[in-house]
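Working notes for the structure below.
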Amino acid sequence: MTTIDTPAGGYSYIPGVFQYSAGVAALPGFRIERVRFSRPVPLREGFRLAARIIEAAGRPLTAFCACELRSPAPFTEEGFKAFNEVYVKTLVDWGVAKDGANPVARSNVCPDIDPPAEPGFHAFAFTIGAANASPSFVIAGSGEVPEGMGNYRNHIVCRGDLSPEGLRGKARWVLGEMERRMAAFGMRWQQTTAVQLYTIHDVYPFLRDELVRRGAARHGVTWHFDRPPIVEIEYEMDCRAVDTERMVEV
């Protein structure tokens, strides 16, 4: 995997699809800060609040580098494309996404219980200046399917197999994808400060051998009882190395 620097944002990114990149890492002289909202915030309001916070920190909007979204329910592929076109428009307006390239890492998952009424923000991240900062990165969420294949349905790993072995196969693929993306920045599980997984299925049968043994749970794992954003995708993860995180009451 290759990476591309965005000096205006203070980070580099792994090229992905039009709606998000595969991950971001702060450039030298910068670090990534994560802001979580106390409740899901509708998309438009979330962008407005993010802009206010970024500008209050003395940073340009191009410093916006990652976000975690929550949606009411998994999308069809057509619905997901329509949502992404709305989402990306703000990034274009901010000068973050341009010429068909979108550097912002993202996860977008769907709470199985008490979902939001509309898509919105759970958290976002941006870069700030920091001399001699430790490396920081955010790896975008990935379910058990390769990106950029034209459609998701025909490429889902162990599609429709919710047996313990089927779920293990899905998890192995996603864990491997996390490792491939981290490796693009020269990073491994040892550098992560947080690992999140998203599924409504039982992960215990493979938790020890597939996550703990490979180091993915060195600081524990945050399990969100959420579904990935596309119908028939069942298991998703993301991870990050971020030393400054805060929560904002909304």
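Just so we're on the same page: first chain in the structure tokens is A, next is B, and so on; residues restart at 1 for each chain, and ligands are numbered from 1 in the order they show up.
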
- Task: Taking the DSSP assignment computed from this structure's backbone, write out as number ranges by chain all residues of range 50-248 of chain A that belong to strand (DSSP E).
- Result: A: 64-70, 105-111, 120-129, 137-143, 194-198, 222-224, 226-227, 236-241, 244-248

Once you count only C-alpha atoms, what closest atom pair and distance in Å to one decimal does each residue of range 92-207 of chain A within 9 Å of range 229-242 of chain A have, with rows by chain and rising residue number, as CSV?
```
residue,atom,partner,partner_atom,distance
A:Arg106,CA,A:Asp238,CA,8.9
A:Ser107,CA,A:Asp238,CA,7.4
A:Asn108,CA,A:Pro229,CA,6.0
A:Val109,CA,A:Pro229,CA,5.1
A:Cys110,CA,A:Pro229,CA,6.2
A:Ser134,CA,A:Val242,CA,8.9
A:Pro135,CA,A:Ala241,CA,7.5
A:Ser136,CA,A:Ala241,CA,4.9
A:Phe137,CA,A:Ala241,CA,5.2
A:Val138,CA,A:Arg240,CA,4.3
A:Ile139,CA,A:Cys239,CA,5.4
A:Ala140,CA,A:Asp238,CA,5.6
A:Gly141,CA,A:Asp238,CA,4.4
A:Ser142,CA,A:Glu236,CA,5.3
A:Gly143,CA,A:Glu236,CA,4.1
A:Glu144,CA,A:Tyr235,CA,6.3
A:Val145,CA,A:Ile233,CA,7.7
A:Tyr152,CA,A:Ile230,CA,8.1
A:Arg153,CA,A:Glu232,CA,7.3
A:Ile156,CA,A:Ile233,CA,6.9
A:Val157,CA,A:Ile233,CA,8.7
A:Arg159,CA,A:Glu232,CA,7.1
A:Gly160,CA,A:Glu232,CA,6.9
A:Leu162,CA,A:Glu234,CA,8.4
A:Leu167,CA,A:Tyr235,CA,7.7
A:Lys170,CA,A:Tyr235,CA,6.6
A:Ala171,CA,A:Tyr235,CA,6.7
A:Val174,CA,A:Glu236,CA,6.8
A:Leu175,CA,A:Met237,CA,7.6
A:Met178,CA,A:Asp238,CA,7.1
A:Trp189,CA,A:Cys239,CA,8.7
A:Gln191,CA,A:Ala241,CA,6.2
A:Thr192,CA,A:Ala241,CA,4.4
A:Thr193,CA,A:Ala241,CA,4.7
A:Ala194,CA,A:Arg240,CA,5.5
A:Val195,CA,A:Cys239,CA,4.3
A:Gln196,CA,A:Asp238,CA,5.4
A:Leu197,CA,A:Met237,CA,4.3
A:Tyr198,CA,A:Glu236,CA,5.0
A:Thr199,CA,A:Tyr235,CA,5.0
A:Ile200,CA,A:Glu234,CA,7.7
A:His201,CA,A:Glu234,CA,7.8
```

- For each of A:Arg59, A:Arg31, A:Arg214, A:Arg48, take the minimum atom-to-atom distance to Ala131 in chain A, counting only C-alpha atoms, then give the residue where this is smallest. A:Arg31

Excluding Phe30 in chain A and any residue of its chain fewer than 6 positions from it, enumerate the residues within 10 Å of it, using only C-alpha atoms, and give them as a compact mmCIF listing (two decimals) with N, CA, C and O atoms, in the first residue's frame.
```txt
# COMPACT_ATOMS: atom_id res chain seq x y z
N GLY A 9 -3.12 19.47 5.42
CA GLY A 9 -3.82 18.87 6.54
C GLY A 9 -2.91 18.40 7.65
O GLY A 9 -3.36 18.14 8.76
N GLY A 10 -1.63 18.24 7.36
CA GLY A 10 -0.70 17.76 8.38
C GLY A 10 -0.71 16.26 8.54
O GLY A 10 -0.31 15.75 9.59
N TYR A 11 -1.12 15.53 7.51
CA TYR A 11 -1.15 14.08 7.61
C TYR A 11 -0.95 13.43 6.25
O TYR A 11 -1.03 14.09 5.21
N PHE A 126 -8.68 15.29 14.10
CA PHE A 126 -8.01 16.30 13.29
C PHE A 126 -6.57 16.43 13.78
O PHE A 126 -6.21 15.96 14.86
N THR A 127 -5.74 17.06 12.96
CA THR A 127 -4.35 17.23 13.33
C THR A 127 -4.10 18.59 13.97
O THR A 127 -4.75 19.58 13.63
N ILE A 128 -3.16 18.60 14.90
CA ILE A 128 -2.70 19.86 15.48
C ILE A 128 -1.17 19.83 15.49
O ILE A 128 -0.56 18.76 15.49
N GLY A 129 -0.55 21.01 15.52
CA GLY A 129 0.90 21.09 15.56
C GLY A 129 1.44 20.57 16.88
O GLY A 129 0.89 20.88 17.94
N ALA A 130 2.50 19.78 16.83
CA ALA A 130 3.10 19.23 18.05
C ALA A 130 4.53 18.79 17.74
O ALA A 130 4.73 17.78 17.07
N ALA A 131 5.48 19.57 18.21
CA ALA A 131 6.87 19.22 17.99
C ALA A 131 7.22 17.95 18.74
O ALA A 131 6.77 17.72 19.88
N ASN A 132 7.98 17.07 18.11
CA ASN A 132 8.45 15.83 18.73
C ASN A 132 7.32 14.92 19.21
O ASN A 132 7.48 14.19 20.21
N ALA A 133 6.18 14.99 18.54
CA ALA A 133 5.04 14.16 18.93
C ALA A 133 5.30 12.69 18.60
O ALA A 133 6.00 12.37 17.62
N SER A 134 4.75 11.79 19.40
CA SER A 134 4.80 10.37 19.07
C SER A 134 3.97 10.11 17.82
O SER A 134 3.01 10.85 17.56
N PRO A 135 4.30 9.09 17.04
CA PRO A 135 3.50 8.80 15.85
C PRO A 135 2.04 8.56 16.21
O PRO A 135 1.73 7.90 17.21
N SER A 136 1.14 9.11 15.41
CA SER A 136 -0.29 8.88 15.63
C SER A 136 -0.94 8.55 14.30
O SER A 136 -0.53 9.06 13.25
```

- Item | Test item: residues at most 8 Å from Arg39 in chain A, only C-alpha atoms, excluding those fewer than 5 positions along its chain, as a ChimeraX atom specification | /A:122,249-250

- Item | Which of A:Val35, A:Met149, A:Pro115, A:Gln190 sits closest to Ala217 in chain A [using only C-alpha atoms] |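 With only C-alpha atoms as the atom set, the closest residue is A:Gln190.
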
- Please provide as a list in words all residues within 10 Å of range 89-93 of chain A, with the sequence filter that same-chain residues fewer than 4 positions apart are discarded (counting only C-alpha atoms).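 Surrounding residues, per the criterion: Gln19, Leu43, Arg44, Phe47, Leu61, Thr62, Phe64, Asn84, Glu85, Ala97, Lys98, Asp99, Gly100, Ala101, Asn102, Pro103 and Val104 of chain A.
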
Give me a file of those residues, with N, CA, C and O atoms, as an mmCIF file, in the first residue's frame.
```cif
data_model
loop_
_atom_site.group_PDB
_atom_site.id
_atom_site.type_symbol
_atom_site.label_atom_id
_atom_site.label_comp_id
_atom_site.auth_asym_id
_atom_site.auth_seq_id
_atom_site.Cartn_x
_atom_site.Cartn_y
_atom_site.Cartn_z
ATOM 1 N N GLN A 19 -15.358 7.551 -1.014
ATOM 2 C CA GLN A 19 -15.999 8.004 0.222
ATOM 3 C C GLN A 19 -15.047 8.079 1.410
ATOM 4 O O GLN A 19 -15.332 8.733 2.390
ATOM 5 N N LEU A 43 -25.597 14.461 10.862
ATOM 6 C CA LEU A 43 -24.454 14.743 10.001
ATOM 7 C C LEU A 43 -24.162 16.237 9.859
ATOM 8 O O LEU A 43 -23.033 16.688 10.079
ATOM 9 N N ARG A 44 -25.155 17.011 9.485
ATOM 10 C CA ARG A 44 -24.924 18.440 9.248
ATOM 11 C C ARG A 44 -24.465 19.141 10.518
ATOM 12 O O ARG A 44 -23.513 19.939 10.496
ATOM 13 N N PHE A 47 -20.804 18.111 11.363
ATOM 14 C CA PHE A 47 -19.819 18.870 10.592
ATOM 15 C C PHE A 47 -19.673 20.291 11.134
ATOM 16 O O PHE A 47 -18.555 20.832 11.222
ATOM 17 N N LEU A 61 -9.697 23.823 8.192
ATOM 18 C CA LEU A 61 -10.616 22.698 8.055
ATOM 19 C C LEU A 61 -9.961 21.507 7.354
ATOM 20 O O LEU A 61 -10.399 20.365 7.518
ATOM 21 N N THR A 62 -8.895 21.767 6.592
ATOM 22 C CA THR A 62 -8.182 20.667 5.945
ATOM 23 C C THR A 62 -7.483 19.761 6.954
ATOM 24 O O THR A 62 -6.998 18.697 6.587
ATOM 25 N N PHE A 64 -9.071 18.221 9.254
ATOM 26 C CA PHE A 64 -10.050 17.136 9.508
ATOM 27 C C PHE A 64 -9.537 15.882 8.800
ATOM 28 O O PHE A 64 -9.365 15.861 7.586
ATOM 29 N N ASN A 84 -23.053 8.433 0.687
ATOM 30 C CA ASN A 84 -21.676 8.885 0.566
ATOM 31 C C ASN A 84 -21.549 10.125 -0.294
ATOM 32 O O ASN A 84 -20.693 10.990 -0.050
ATOM 33 N N GLU A 85 -22.379 10.242 -1.310
ATOM 34 C CA GLU A 85 -22.332 11.430 -2.157
ATOM 35 C C GLU A 85 -22.722 12.680 -1.367
ATOM 36 O O GLU A 85 -22.160 13.761 -1.580
ATOM 37 N N ALA A 97 -11.446 17.035 0.324
ATOM 38 C CA ALA A 97 -11.524 16.100 -0.806
ATOM 39 C C ALA A 97 -11.548 16.896 -2.098
ATOM 40 O O ALA A 97 -12.298 17.874 -2.220
ATOM 41 N N LYS A 98 -10.722 16.495 -3.050
ATOM 42 C CA LYS A 98 -10.709 17.191 -4.335
ATOM 43 C C LYS A 98 -10.132 16.293 -5.411
ATOM 44 O O LYS A 98 -9.356 15.369 -5.125
ATOM 45 N N ASP A 99 -10.558 16.578 -6.635
ATOM 46 C CA ASP A 99 -10.106 15.818 -7.800
ATOM 47 C C ASP A 99 -10.372 14.317 -7.640
ATOM 48 O O ASP A 99 -9.582 13.475 -8.073
ATOM 49 N N GLY A 100 -11.487 13.982 -6.967
ATOM 50 C CA GLY A 100 -11.866 12.588 -6.798
ATOM 51 C C GLY A 100 -11.117 11.851 -5.714
ATOM 52 O O GLY A 100 -11.356 10.659 -5.494
ATOM 53 N N ALA A 101 -10.196 12.532 -5.020
ATOM 54 C CA ALA A 101 -9.419 11.898 -3.948
ATOM 55 C C ALA A 101 -9.957 12.352 -2.593
ATOM 56 O O ALA A 101 -10.128 13.545 -2.360
ATOM 57 N N ASN A 102 -10.206 11.404 -1.712
ATOM 58 C CA ASN A 102 -10.714 11.711 -0.375
ATOM 59 C C ASN A 102 -9.735 11.144 0.657
ATOM 60 O O ASN A 102 -9.629 9.931 0.811
ATOM 61 N N PRO A 103 -9.002 12.003 1.381
ATOM 62 C CA PRO A 103 -7.997 11.507 2.320
ATOM 63 C C PRO A 103 -8.530 11.101 3.691
ATOM 64 O O PRO A 103 -7.786 10.546 4.501
ATOM 65 N N VAL A 104 -9.803 11.372 3.975
ATOM 66 C CA VAL A 104 -10.336 11.195 5.331
ATOM 67 C C VAL A 104 -10.654 9.721 5.613
ATOM 68 O O VAL A 104 -11.400 9.077 4.874
#
```

Nearby residues (only C-alpha atoms) at most 9 Å from Gly46 in chain A, same-chain spacing under 6 positions excluded, as an mmCIF file with C-alpha atoms, in the first residue's frame:
```cif
data_model
loop_
_atom_site.group_PDB
_atom_site.id
_atom_site.type_symbol
_atom_site.label_atom_id
_atom_site.label_comp_id
_atom_site.auth_asym_id
_atom_site.auth_seq_id
_atom_site.Cartn_x
_atom_site.Cartn_y
_atom_site.Cartn_z
ATOM 1 C CA PHE A 37 -19.560 13.488 21.119
ATOM 2 C CA PRO A 40 -24.734 10.754 18.054
ATOM 3 C CA GLY A 120 -24.513 11.273 12.168
ATOM 4 C CA PHE A 121 -21.248 11.646 14.039
ATOM 5 C CA HIS A 122 -19.975 9.593 16.959
ATOM 6 C CA ALA A 123 -16.441 11.054 16.815
ATOM 7 C CA PHE A 124 -13.954 12.785 14.561
#
```

- Message: My list of candidates is A:Phe80, A:Pro7, A:Ala66, A:Arg34. Which is closest to Pro228 in chain A when distances are computed with only C-alpha atoms?
- Response: A:Phe80

- May I ask for the distance between CA of Gly79 in chain A and CA of Asp161 in chain A, given in Å to one decimal place? 23.8 Å

- Message: For a quick check of understanding, using only C-alpha atoms, which of A:Pro116, A:Gly95, A:Gly169, A:Gly16 has the smallest distance to Ala63 in chain A?
- Response: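 The closest residue to Ala63 in chain A is A:Gly95.
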
- Message: List as a PyMOL selection string the protein and nucleic acid residues near Pro15 in chain A, meaning an atom at most 10 Å away when only C-alpha atoms are counted, but skip any in the same chain fewer than 2 places from it.
- Response: chain A and resi 1-4+12-13+17-18+20-24+101-105

Could you write those residues out with C-alpha atoms, as an mmCIF file, in the first residue's frame?
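Output (again00.cif):
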```cif
data_model
loop_
_atom_site.group_PDB
_atom_site.id
_atom_site.type_symbol
_atom_site.label_atom_id
_atom_site.label_comp_id
_atom_site.auth_asym_id
_atom_site.auth_seq_id
_atom_site.Cartn_x
_atom_site.Cartn_y
_atom_site.Cartn_z
ATOM 1 C CA MET A 1 0.000 0.000 0.000
ATOM 2 C CA THR A 2 1.223 3.480 -0.841
ATOM 3 C CA THR A 3 0.680 6.667 1.133
ATOM 4 C CA ILE A 4 0.154 10.255 -0.007
ATOM 5 C CA SER A 12 -0.598 11.342 5.071
ATOM 6 C CA TYR A 13 -3.200 8.853 3.914
ATOM 7 C CA VAL A 17 -12.407 4.692 -2.451
ATOM 8 C CA PHE A 18 -14.194 7.987 -3.119
ATOM 9 C CA TYR A 20 -12.940 7.486 2.468
ATOM 10 C CA SER A 21 -9.284 6.578 2.675
ATOM 11 C CA ALA A 22 -7.955 3.382 4.243
ATOM 12 C CA GLY A 23 -6.168 5.281 6.998
ATOM 13 C CA VAL A 24 -4.283 8.415 8.025
ATOM 14 C CA ALA A 101 -9.419 11.898 -3.948
ATOM 15 C CA ASN A 102 -10.714 11.711 -0.375
ATOM 16 C CA PRO A 103 -7.997 11.507 2.320
ATOM 17 C CA VAL A 104 -10.336 11.195 5.331
ATOM 18 C CA ALA A 105 -10.417 7.844 7.146
#
```

- Message: Run DSSP on the backbone and tell me which residues of range 10-243 of chain A come out as alpha helix (DSSP H); list them as number ranges by chain.
- Response: A: 43-56, 77-93, 164-184, 204-206

- Message: Between A:Met187, A:Phe225, A:Ala51, A:Arg36, which residue has the minimum interatomic distance to Glu68 in chain A, considering only C-alpha atoms?
- Response: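 Ranking A:Met187, A:Phe225, A:Ala51, A:Arg36 by distance to Glu68 in chain A, first place goes to A:Arg36.
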
- Min atom-atom distance to Pro42 in chain A from the set A:Asp112, A:Asp243, A:Glu118, A:Glu55, counting only C-alpha atoms, belongs to A:Glu118
